[in-house]
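Printed here is entry-v4.cif (mmCIF, C-alpha atoms and all ligand atoms):
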```cif
data_target
loop_
_atom_site.label_atom_id
_atom_site.label_comp_id
_atom_site.auth_asym_id
_atom_site.auth_seq_id
_atom_site.Cartn_x
_atom_site.Cartn_y
_atom_site.Cartn_z
CA ARG A 932 -34.81 -36.95 -156.60
CA CYS A 933 -35.20 -33.89 -154.43
CA GLY A 934 -37.39 -30.85 -154.63
CA TYR A 935 -39.65 -28.27 -153.07
CA VAL A 936 -43.38 -28.77 -152.69
CA ALA A 937 -45.47 -25.69 -151.92
CA ILE A 938 -48.81 -26.18 -150.20
CA VAL A 939 -51.19 -23.37 -151.13
CA GLY A 940 -54.87 -22.74 -150.50
CA ARG A 941 -57.20 -20.46 -148.59
CA PRO A 942 -57.34 -20.71 -144.79
CA ASN A 943 -59.05 -23.74 -143.29
CA VAL A 944 -58.90 -26.10 -146.26
CA GLY A 945 -56.54 -28.39 -144.33
CA LYS A 946 -53.03 -27.49 -145.51
CA SER A 947 -51.41 -27.92 -142.10
CA THR A 948 -53.32 -31.12 -141.40
CA LEU A 949 -52.10 -32.49 -144.72
CA LEU A 950 -48.49 -31.57 -143.99
CA ASN A 951 -48.68 -33.10 -140.53
CA HIS A 952 -50.03 -36.32 -141.98
CA ILE A 953 -47.35 -36.52 -144.65
CA LEU A 954 -44.60 -35.87 -142.15
CA GLY A 955 -46.15 -38.09 -139.50
CA GLN A 956 -45.68 -35.47 -136.85
CA LYS A 957 -47.31 -32.32 -135.59
CA LEU A 958 -45.17 -29.67 -137.17
CA ALA A 959 -47.75 -27.23 -138.44
CA ILE A 960 -50.38 -25.95 -136.06
CA THR A 961 -53.91 -26.83 -137.14
CA SER A 962 -57.03 -25.14 -135.96
CA ARG A 963 -60.62 -24.37 -136.85
CA LYS A 964 -59.67 -20.73 -136.75
CA PRO A 965 -58.32 -19.47 -140.02
CA GLN A 966 -54.93 -17.81 -139.94
CA THR A 967 -53.41 -20.20 -137.45
CA THR A 968 -50.36 -20.67 -139.61
CA ARG A 969 -48.70 -17.30 -139.51
CA HIS A 970 -45.33 -18.27 -140.84
CA THR A 971 -44.13 -20.38 -143.65
CA LEU A 972 -43.11 -23.77 -142.30
CA LEU A 973 -40.76 -26.23 -143.83
CA GLY A 974 -40.88 -29.97 -143.45
CA ILE A 975 -38.54 -32.44 -145.03
CA LYS A 976 -39.48 -36.01 -145.84
CA THR A 977 -36.92 -38.45 -147.13
CA GLU A 978 -38.02 -41.83 -148.38
CA GLY A 979 -35.59 -43.98 -150.31
CA ALA A 980 -34.12 -41.85 -153.08
CA VAL A 981 -36.85 -39.23 -152.85
CA GLN A 982 -36.56 -36.13 -150.72
CA ALA A 983 -39.44 -33.66 -150.63
CA ILE A 984 -39.15 -30.31 -148.89
CA TYR A 985 -42.63 -29.07 -148.01
CA VAL A 986 -43.50 -25.41 -147.62
CA ASP A 987 -46.75 -24.76 -145.76
CA THR A 988 -47.76 -21.23 -146.67
CA PRO A 989 -49.65 -18.89 -144.37
CA GLY A 990 -53.36 -18.84 -145.11
CA LEU A 991 -53.99 -16.99 -148.29
CA HIS A 992 -56.00 -14.08 -147.20
CA LYS A 993 -56.61 -10.50 -148.21
CA GLU A 994 -54.71 -9.22 -145.17
CA ASN A 995 -51.51 -10.89 -146.20
CA GLU A 996 -51.91 -10.49 -149.89
CA LYS A 997 -48.59 -8.68 -149.97
CA ALA A 998 -46.74 -11.59 -148.41
CA LEU A 999 -48.53 -13.89 -150.78
CA ASN A 1000 -47.63 -11.80 -153.78
CA ARG A 1001 -44.04 -11.87 -152.67
CA PHE A 1002 -44.25 -15.61 -152.41
CA MET A 1003 -46.12 -16.18 -155.62
CA ASN A 1004 -44.35 -13.65 -157.79
CA LYS A 1005 -41.96 -15.76 -159.72
CA SER A 1006 -39.42 -13.14 -160.65
CA ALA A 1007 -39.27 -11.65 -157.17
CA SER A 1008 -39.32 -14.84 -155.19
CA GLN A 1009 -36.47 -17.23 -154.72
CA ALA A 1010 -38.89 -19.40 -152.76
CA LEU A 1011 -41.18 -19.98 -155.66
CA ARG A 1012 -38.42 -20.27 -158.19
CA ASP A 1013 -37.25 -23.24 -156.22
CA VAL A 1014 -40.68 -24.84 -156.08
CA ASP A 1015 -41.00 -27.97 -158.16
CA VAL A 1016 -44.57 -28.95 -157.38
CA VAL A 1017 -47.55 -26.96 -156.10
CA LEU A 1018 -50.32 -28.59 -154.09
CA PHE A 1019 -53.43 -26.46 -154.54
CA VAL A 1020 -55.58 -27.57 -151.62
CA VAL A 1021 -59.35 -27.01 -151.84
CA ASP A 1022 -62.28 -28.10 -149.72
CA ARG A 1023 -64.37 -30.86 -151.34
CA LEU A 1024 -67.41 -28.65 -151.69
CA ARG A 1025 -66.96 -25.09 -150.64
CA TRP A 1026 -65.56 -22.72 -153.24
CA THR A 1027 -65.08 -19.15 -152.04
CA ASP A 1028 -63.69 -15.85 -153.28
CA GLU A 1029 -60.47 -16.68 -151.48
CA ASP A 1030 -60.15 -19.93 -153.44
CA GLN A 1031 -60.66 -17.88 -156.58
CA MET A 1032 -57.84 -15.56 -155.52
CA VAL A 1033 -55.48 -18.47 -155.00
CA LEU A 1034 -56.52 -20.03 -158.30
CA GLU A 1035 -55.68 -16.85 -160.18
CA ARG A 1036 -52.16 -17.01 -158.79
CA VAL A 1037 -51.71 -20.71 -159.37
CA GLN A 1038 -52.74 -20.25 -163.01
CA TYR A 1039 -49.59 -18.24 -163.63
CA LEU A 1040 -47.27 -20.97 -162.46
CA THR A 1041 -45.37 -23.10 -164.90
CA CYS A 1042 -44.48 -25.90 -162.47
CA PRO A 1043 -46.72 -28.97 -162.08
CA VAL A 1044 -49.86 -28.44 -160.00
CA LEU A 1045 -51.83 -31.07 -158.12
CA ILE A 1046 -55.39 -30.09 -157.13
CA VAL A 1047 -55.81 -31.68 -153.72
CA VAL A 1048 -59.53 -31.99 -152.91
CA ASN A 1049 -59.53 -32.39 -149.15
CA LYS A 1050 -62.11 -33.42 -146.53
CA LEU A 1051 -63.33 -36.32 -148.59
CA ASP A 1052 -64.59 -37.87 -145.34
CA ARG A 1053 -67.21 -35.16 -145.09
CA MET A 1054 -68.69 -35.83 -148.47
CA ASP A 1055 -72.02 -37.64 -148.40
CA ASP A 1056 -72.75 -37.75 -152.08
CA LYS A 1057 -69.88 -38.42 -154.47
CA ASN A 1058 -71.72 -36.61 -157.25
CA GLU A 1059 -71.66 -33.39 -155.27
CA LEU A 1060 -67.97 -33.08 -156.01
CA LEU A 1061 -68.12 -33.36 -159.75
CA PRO A 1062 -69.77 -30.25 -161.25
CA HIS A 1063 -67.40 -27.97 -159.40
CA LEU A 1064 -64.35 -30.08 -160.15
CA GLU A 1065 -65.04 -30.20 -163.84
CA TRP A 1066 -65.02 -26.44 -163.91
CA LEU A 1067 -61.85 -26.28 -161.80
CA THR A 1068 -59.92 -28.69 -164.01
CA LYS A 1069 -60.80 -26.52 -167.02
CA GLN A 1070 -59.15 -23.59 -165.23
CA LEU A 1071 -56.01 -25.67 -164.65
CA PRO A 1072 -55.91 -27.99 -167.65
CA ASN A 1073 -52.49 -29.46 -166.79
CA ALA A 1074 -53.25 -30.15 -163.15
CA GLU A 1075 -54.10 -33.57 -161.82
CA VAL A 1076 -56.90 -33.97 -159.26
CA VAL A 1077 -56.25 -35.96 -156.09
CA PRO A 1078 -59.14 -36.36 -153.63
CA VAL A 1079 -57.89 -36.95 -150.08
CA SER A 1080 -58.82 -36.85 -146.43
CA ALA A 1081 -55.91 -35.26 -144.62
CA LEU A 1082 -57.61 -35.98 -141.30
CA GLN A 1083 -58.04 -39.72 -141.93
CA GLY A 1084 -55.01 -40.09 -144.15
CA ARG A 1085 -57.05 -41.33 -147.09
CA ASN A 1086 -55.28 -41.37 -150.47
CA ILE A 1087 -52.21 -39.58 -149.08
CA ASP A 1088 -49.91 -42.35 -150.32
CA ARG A 1089 -51.25 -41.79 -153.84
CA LEU A 1090 -50.67 -38.05 -153.45
CA GLU A 1091 -47.11 -38.65 -152.32
CA SER A 1092 -46.32 -40.86 -155.28
CA LEU A 1093 -47.73 -38.24 -157.68
CA ILE A 1094 -45.49 -35.68 -155.96
CA ALA A 1095 -42.43 -37.95 -156.23
CA GLU A 1096 -43.05 -38.42 -159.96
CA ARG A 1097 -42.88 -34.66 -160.41
CA LEU A 1098 -39.75 -33.89 -158.38
P1 LIG B 1 -55.19 -24.70 -142.97
O1 LIG B 1 -55.66 -23.36 -142.51
O2 LIG B 1 -55.42 -24.85 -144.45
O3 LIG B 1 -53.79 -25.03 -142.57
O4 LIG B 1 -56.17 -25.77 -142.30
P2 LIG B 1 -55.91 -26.71 -141.03
O5 LIG B 1 -55.01 -27.85 -141.37
O6 LIG B 1 -55.54 -25.87 -139.87
O7 LIG B 1 -57.37 -27.33 -140.83
C1 LIG B 1 -58.51 -26.52 -140.63
C2 LIG B 1 -59.63 -27.35 -140.01
O8 LIG B 1 -60.07 -28.36 -140.94
C3 LIG B 1 -59.20 -28.10 -138.75
O9 LIG B 1 -60.26 -28.09 -137.84
C4 LIG B 1 -58.92 -29.51 -139.27
O10 LIG B 1 -59.06 -30.49 -138.28
C5 LIG B 1 -59.97 -29.65 -140.36
N1 LIG B 1 -59.58 -30.63 -141.39
C6 LIG B 1 -58.42 -30.69 -142.07
N2 LIG B 1 -58.40 -31.73 -142.92
C7 LIG B 1 -59.58 -32.36 -142.78
C8 LIG B 1 -60.18 -33.53 -143.40
O11 LIG B 1 -59.62 -34.22 -144.23
N3 LIG B 1 -61.46 -33.83 -143.00
C9 LIG B 1 -62.13 -33.11 -142.07
N4 LIG B 1 -63.35 -33.51 -141.75
N5 LIG B 1 -61.60 -32.02 -141.48
C10 LIG B 1 -60.35 -31.65 -141.81
MG MG B 2 -52.36 -23.91 -141.66
#
```
Have the structure of the file written as structure tokens, please.
Amino acid sequence: RCGYVAIVGRPNVGKSTLLNHILGQKLAITSRKPQTTRHTLLGIKTEGAVQAIYVDTPGLHKENEKALNRFMNKSASQALRDVDVVLFVVDRLRWTDEDQMVLERVQYLTCPVLIVVNKLDRMDDKNELLPHLEWLTKQLPNAEVVPVSALQGRNIDRLESLIAERL
């Protein structure tokens, strides 16, 4: 099995950190400053019979909405036509207008979506996560939720097996 996995989400949710952890190397630049990833980066991971090609998208942001549209517009974009799985990365608690913007684009996609709830390590109360997530899963009824900590590598193996199942 082989396929493309797009990592989307607003700046600072941890997309690059996640990609680095999956690949086991520092490929994408991570930073506290949003907009650190200016270009789309590719990373390839081959494990047994499964090959996943990861696409780390530039931070989704009003300033590069055009680039995003190009990327997300199915008919116009070869990149997205080739995408087999989308990882919609969100912060475990903070939901912003930029997340909303990304969500509205992800809702148009027909490929499988995994909602990756990142920064699990910074969550004190498990219940804090739930009200927001319930709402989010209603917006993306076919998406599966995977809570992770990209920084600590928690639950990344589970995420990778869910990806492999969808390639
Ligand atoms: P991107 O803009 O979505 O690519 O986000 P980055 O990967 O650059 O990460 C933004 C910031 O969040 C950096 O300071 C990361 O160290 C931090 N970060 C990423 N993942 C985690 C996580 O799982 N837990 C915590 N506590 N911080 C994280
Ligand atoms: Mg990044």
| Residue among A:Cys933, A:Met1032, A:Ala1095, A:Val1021 lying closest to ligand LIG 1 (chain B), counting all atoms listed in the file |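 Between A:Cys933, A:Met1032, A:Ala1095, A:Val1021, the residue approaching ligand LIG 1 (chain B) most closely is A:Val1021.
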| task | Measuring atom to atom with all atoms listed in the file, identify which of A:Asn1086, A:Ser1092, A:Asn1073, A:Ser1080 is nearest to A:Asp1022. | result |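 Selected residue with least distance to A:Asp1022: A:Ser1080.
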| message | With only C-alpha atoms as the counted atoms, please give the residues lying no more than 8 Å from stretch 976-986 of chain A, apart from itself and same-chain residues fewer than 3 positions off, as a list in words. | response |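 My reading of the contact set: Arg932, Cys933, Gly934, Tyr935, Val936, Ala937, Ile938, Leu950, Ile953, Leu954, Thr971, Leu972, Leu973, Ala1095 and Leu1098 of chain A.
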Padding of 4 Å on every side, edges along x, y and z, all listed atoms of ligand LIG 1 (chain B) included: what centre and edge lengths in Å, to one decimal, does that box have, as JSON?
```
{"center_x": -58.6, "center_y": -28.8, "center_z": -141.1, "size_x": 17.6, "size_y": 18.9, "size_z": 14.6}
```
| query | Taking only C-alpha atoms into account, which of A:Asn1049, A:Gly974, A:Asp987, A:Asn943 comes nearest A:Arg1085? | reply | A:Asn1049
| task | Compare A:Asp1030, A:Glu1065, A:Asp1052, A:Glu1091 by their minimum atom-to-atom distance to ligand LIG 1 (chain B), counting all atoms listed in the file, and give me the closest one. | result |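 Ranked by minimum distance to ligand LIG 1 (chain B), first place goes to A:Asp1052.
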| message | Applying 12 Å and all atoms listed in the file, which residues near A:Pro1072 remain after dropping the ones on its own chain fewer than 2 positions away? List them as a VMD selection string. | response | chain A and resid 1037 to 1038 1041 1043 to 1046 1064 to 1070 1074 to 1076
| query | Taking into account only C-alpha atoms, which residue in the set A:Asp1088, A:Leu1071, A:Ala1081, A:Ile1094 is nearest to A:His952? | reply |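 Ranked by minimum distance to A:His952, first place goes to A:Ala1081.
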| note | Restricting to only C-alpha atoms and all ligand atoms, whichever of A:Asp1055, A:Gln1031, A:Gln956, A:Leu1082 is closest to ligand LIG 1 (chain B) is A:Leu1082
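Atom pair atom C8 of ligand LIG 1 (chain B) / atom CA of A:Tyr1039: separated by 27.5 Å.
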| query | What is the atom C5 of ligand LIG 1 (chain B)-atom CA of A:Arg1089 distance in Å, reported with one decimal? | reply |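 A separation of 20.1 Å between them.
The space separating atom P1 of ligand LIG 1 (chain B) from atom CA of A:Thr948 comes to 6.9 Å.
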Please, can stretch 1063-1080 of chain A be completed to N, CA and C atoms and returned as a PDB file, in the coordinates of the input?
```
ATOM      1  N   HIS A1063     -68.370 -28.968-159.767  1.00  0.00           N
ATOM      2  CA  HIS A1063     -67.400 -27.970-159.400  1.00  0.00           C
ATOM      3  C   HIS A1063     -65.998 -28.352-159.887  1.00  0.00           C
ATOM      4  N   LEU A1064     -65.677 -29.621-159.762  1.00  0.00           N
ATOM      5  CA  LEU A1064     -64.350 -30.080-160.150  1.00  0.00           C
ATOM      6  C   LEU A1064     -64.114 -29.979-161.644  1.00  0.00           C
ATOM      7  N   GLU A1065     -65.158 -30.282-162.389  1.00  0.00           N
ATOM      8  CA  GLU A1065     -65.040 -30.200-163.840  1.00  0.00           C
ATOM      9  C   GLU A1065     -64.651 -28.791-164.265  1.00  0.00           C
ATOM     10  N   TRP A1066     -65.307 -27.831-163.630  1.00  0.00           N
ATOM     11  CA  TRP A1066     -65.020 -26.440-163.910  1.00  0.00           C
ATOM     12  C   TRP A1066     -63.579 -26.116-163.510  1.00  0.00           C
ATOM     13  N   LEU A1067     -63.183 -26.582-162.324  1.00  0.00           N
ATOM     14  CA  LEU A1067     -61.850 -26.280-161.800  1.00  0.00           C
ATOM     15  C   LEU A1067     -60.750 -26.868-162.693  1.00  0.00           C
ATOM     16  N   THR A1068     -60.947 -28.074-163.167  1.00  0.00           N
ATOM     17  CA  THR A1068     -59.920 -28.690-164.010  1.00  0.00           C
ATOM     18  C   THR A1068     -59.796 -27.965-165.354  1.00  0.00           C
ATOM     19  N   LYS A1069     -60.895 -27.325-165.789  1.00  0.00           N
ATOM     20  CA  LYS A1069     -60.800 -26.520-167.020  1.00  0.00           C
ATOM     21  C   LYS A1069     -59.943 -25.280-166.789  1.00  0.00           C
ATOM     22  N   GLN A1070     -59.968 -24.762-165.554  1.00  0.00           N
ATOM     23  CA  GLN A1070     -59.150 -23.590-165.230  1.00  0.00           C
ATOM     24  C   GLN A1070     -57.667 -23.956-165.147  1.00  0.00           C
ATOM     25  N   LEU A1071     -57.397 -25.197-164.797  1.00  0.00           N
ATOM     26  CA  LEU A1071     -56.010 -25.670-164.650  1.00  0.00           C
ATOM     27  C   LEU A1071     -55.855 -26.949-165.476  1.00  0.00           C
ATOM     28  N   PRO A1072     -55.825 -26.808-166.795  1.00  0.00           N
ATOM     29  CA  PRO A1072     -55.910 -27.990-167.650  1.00  0.00           C
ATOM     30  C   PRO A1072     -54.759 -28.993-167.471  1.00  0.00           C
ATOM     31  N   ASN A1073     -53.615 -28.528-166.951  1.00  0.00           N
ATOM     32  CA  ASN A1073     -52.490 -29.460-166.790  1.00  0.00           C
ATOM     33  C   ASN A1073     -52.405 -30.079-165.410  1.00  0.00           C
ATOM     34  N   ALA A1074     -53.322 -29.666-164.533  1.00  0.00           N
ATOM     35  CA  ALA A1074     -53.250 -30.150-163.150  1.00  0.00           C
ATOM     36  C   ALA A1074     -53.967 -31.481-163.005  1.00  0.00           C
ATOM     37  N   GLU A1075     -53.435 -32.306-162.138  1.00  0.00           N
ATOM     38  CA  GLU A1075     -54.100 -33.570-161.820  1.00  0.00           C
ATOM     39  C   GLU A1075     -54.879 -33.423-160.515  1.00  0.00           C
ATOM     40  N   VAL A1076     -56.045 -34.068-160.450  1.00  0.00           N
ATOM     41  CA  VAL A1076     -56.900 -33.970-159.260  1.00  0.00           C
ATOM     42  C   VAL A1076     -56.656 -35.178-158.346  1.00  0.00           C
ATOM     43  N   VAL A1077     -56.438 -34.897-157.074  1.00  0.00           N
ATOM     44  CA  VAL A1077     -56.250 -35.960-156.090  1.00  0.00           C
ATOM     45  C   VAL A1077     -57.181 -35.729-154.896  1.00  0.00           C
ATOM     46  N   PRO A1078     -58.258 -36.507-154.791  1.00  0.00           N
ATOM     47  CA  PRO A1078     -59.140 -36.360-153.630  1.00  0.00           C
ATOM     48  C   PRO A1078     -58.501 -37.050-152.418  1.00  0.00           C
ATOM     49  N   VAL A1079     -58.492 -36.372-151.284  1.00  0.00           N
ATOM     50  CA  VAL A1079     -57.890 -36.950-150.080  1.00  0.00           C
ATOM     51  C   VAL A1079     -58.717 -36.608-148.831  1.00  0.00           C
ATOM     52  N   SER A1080     -58.404 -37.303-147.760  1.00  0.00           N
ATOM     53  CA  SER A1080     -58.820 -36.850-146.430  1.00  0.00           C
ATOM     54  C   SER A1080     -57.549 -36.730-145.610  1.00  0.00           C
TER      55      SER A1080
END
```
